Amino acid sequence: MRAGGQPDRTSGSYRKVKVAILDTGLEPDHRMAKTVFYKDFVTDAEEGMLDKTGHGTLSLDLILEAFPHDEAEFYVARVMATDHTNQSKPDDPLRMAEVIHPTKSH
C-alpha cells in the first residue's frame, strides 16, 4: 500500500523532482558532474564547471545524503564567486535574484 498522493513509478505518472543549487558552482571531478545541468552566471566564459571554494559542491553532497540521486534532476548554477558574500558584494545577491526571476531583456 502506498501513501495517498504519491506518484507510482510503474504507472508512468512519476516525474523526477528538480533540485536547483544556486551557489559557488561544482567541482568538475565531482561524481555527479556528468549528470547535473550546470550554468555559470559569474563569468561569461565557457570554461566548464568551476567551484573555487567547494561550497556549492558541499551543498550538492549534503542534498545527495538526504535525497536519492536517481529520483531527482540536479541543476547547479554558479551565482557567487566565493562563499563569502555580503552587502559589500552587491553583484552576488543581484545575480541570484536574476537567476530566480530573469528579466525579459535577457
# chains A, B, ... in the order shown; residues from 1 in each chain; ligands from 1
>>> residues_around(residues="Lys34 in chain A", least_positions_apart="4", cutoff="12 Å", atoms="only C-alpha atoms", output="JSON list (two decimals) with N, CA and C atoms, in the first residue's frame")
[["chain", "number", "residue", "atom", "x", "y", "z"],
["A", 26, "LEU", "N", 30.30, 23.92, -9.03],
["A", 26, "LEU", "CA", 30.52, 22.49, -8.79],
["A", 26, "LEU", "C", 31.91, 22.12, -9.29],
["A", 27, "GLU", "N", 32.63, 21.36, -8.47],
["A", 27, "GLU", "CA", 33.96, 20.90, -8.88],
["A", 27, "GLU", "C", 33.82, 19.94, -10.05],
["A", 28, "PRO", "N", 34.63, 20.12, -11.10],
["A", 28, "PRO", "CA", 34.47, 19.33, -12.32],
["A", 28, "PRO", "C", 34.69, 17.83, -12.13],
["A", 29, "ASP", "N", 35.41, 17.43, -11.10],
["A", 29, "ASP", "CA", 35.65, 16.00, -10.88],
["A", 29, "ASP", "C", 34.66, 15.37, -9.90],
["A", 30, "HIS", "N", 33.59, 16.08, -9.59],
["A", 30, "HIS", "CA", 32.58, 15.54, -8.68],
["A", 30, "HIS", "C", 31.89, 14.33, -9.31],
["A", 38, "TYR", "N", 24.45, 22.32, -15.55],
["A", 38, "TYR", "CA", 25.31, 23.33, -14.95],
["A", 38, "TYR", "C", 25.33, 24.60, -15.79],
["A", 48, "GLY", "N", 33.57, 25.52, -18.46],
["A", 48, "GLY", "CA", 33.11, 24.29, -17.83],
["A", 48, "GLY", "C", 32.83, 24.53, -16.36],
["A", 49, "MET", "N", 32.72, 23.45, -15.63],
["A", 49, "MET", "CA", 32.37, 23.54, -14.22],
["A", 49, "MET", "C", 33.52, 24.13, -13.41],
["A", 73, "GLU", "N", 16.47, 15.47, -10.71],
["A", 73, "GLU", "CA", 17.33, 16.12, -11.70],
["A", 73, "GLU", "C", 17.98, 17.28, -10.97],
["A", 74, "PHE", "N", 19.30, 17.38, -11.04],
["A", 74, "PHE", "CA", 20.01, 18.42, -10.32],
["A", 74, "PHE", "C", 20.49, 19.51, -11.27],
["A", 75, "TYR", "N", 20.23, 20.74, -10.88],
["A", 75, "TYR", "CA", 20.63, 21.92, -11.62],
["A", 75, "TYR", "C", 21.55, 22.73, -10.71],
["A", 76, "VAL", "N", 22.79, 22.93, -11.14],
["A", 76, "VAL", "CA", 23.75, 23.70, -10.35],
["A", 76, "VAL", "C", 24.05, 24.98, -11.10]]
>>> residues_around(residues="Leu50 in chain A", least_positions_apart="5", cutoff="12 Å", atoms="only C-alpha atoms", output="VMD selection string")
chain A and resid 23 to 30 33 38 to 43 45 55 to 57 76 to 82
>>> write_last_selection(atoms="C-alpha atoms", output="compact mmCIF listing (two decimals), in the first residue's frame")
# COMPACT_ATOMS: atom_id res chain seq x y z
CA ASP A 23 25.85 28.66 -5.00
CA THR A 24 29.57 28.76 -5.88
CA GLY A 25 29.40 26.11 -8.59
CA LEU A 26 30.52 22.49 -8.79
CA GLU A 27 33.96 20.90 -8.88
CA PRO A 28 34.47 19.33 -12.32
CA ASP A 29 35.65 16.00 -10.88
CA HIS A 30 32.58 15.54 -8.68
CA ALA A 33 29.44 16.20 -12.72
CA TYR A 38 25.31 23.33 -14.95
CA LYS A 39 25.44 27.03 -15.80
CA ASP A 40 27.93 29.70 -14.74
CA PHE A 41 26.36 33.11 -14.16
CA VAL A 42 29.55 34.65 -12.70
CA THR A 43 31.68 34.59 -15.85
CA ALA A 45 33.48 32.24 -20.43
CA HIS A 55 30.85 25.45 -1.01
CA GLY A 56 28.49 24.66 -3.89
CA THR A 57 29.96 21.17 -4.21
CA VAL A 76 23.75 23.70 -10.35
CA ALA A 77 24.12 27.40 -11.01
CA ARG A 78 27.29 29.26 -10.13
CA VAL A 79 25.96 32.61 -8.94
CA MET A 80 28.71 33.50 -6.45
CA ALA A 81 32.46 33.54 -7.00
CA THR A 82 33.21 32.81 -3.32
>>> atom_distance(atom1="CA of Met32 in chain A", atom2="CA of Leu60 in chain A")
9.0 Å
>>> closest_residue(among="A:Glu98, A:Lys52, A:Glu71, A:Thr35", to="Tyr14 in chain A", atoms="only C-alpha atoms")
A:Glu71
>>> atom_distance(atom1="CA of Ala20 in chain A", atom2="CA of Leu58 in chain A")
13.7 Å
>>> closest_residue(among="A:Asp51, A:Glu65, A:Glu46, A:Asp70", to="Leu22 in chain A", atoms="only C-alpha atoms")
A:Asp51
>>> atom_distance(atom1="CA of Phe37 in chain A", atom2="CA of Ala66 in chain A")
19.5 Å
>>> residues_around(residues="Ala72 in chain A", least_positions_apart="4", cutoff="6 Å", atoms="only C-alpha atoms", output="list in words")
Lys16, Val17 and Lys18 of chain A
>>> write_last_selection(atoms="N, CA and C atoms", output="short mmCIF file (atom, residue, chain, number, x, y, z; two decimals), in the first residue's frame")
data_model
loop_
_atom_site.label_atom_id
_atom_site.label_comp_id
_atom_site.auth_asym_id
_atom_site.auth_seq_id
_atom_site.Cartn_x
_atom_site.Cartn_y
_atom_site.Cartn_z
N LYS A 16 10.66 13.01 -12.01
CA LYS A 16 11.74 13.32 -11.10
C LYS A 16 11.59 14.73 -10.54
N VAL A 17 11.99 14.89 -9.30
CA VAL A 17 11.99 16.20 -8.65
C VAL A 17 13.15 17.00 -9.22
N LYS A 18 12.94 18.28 -9.45
CA LYS A 18 14.01 19.16 -9.92
C LYS A 18 14.58 19.91 -8.72
#
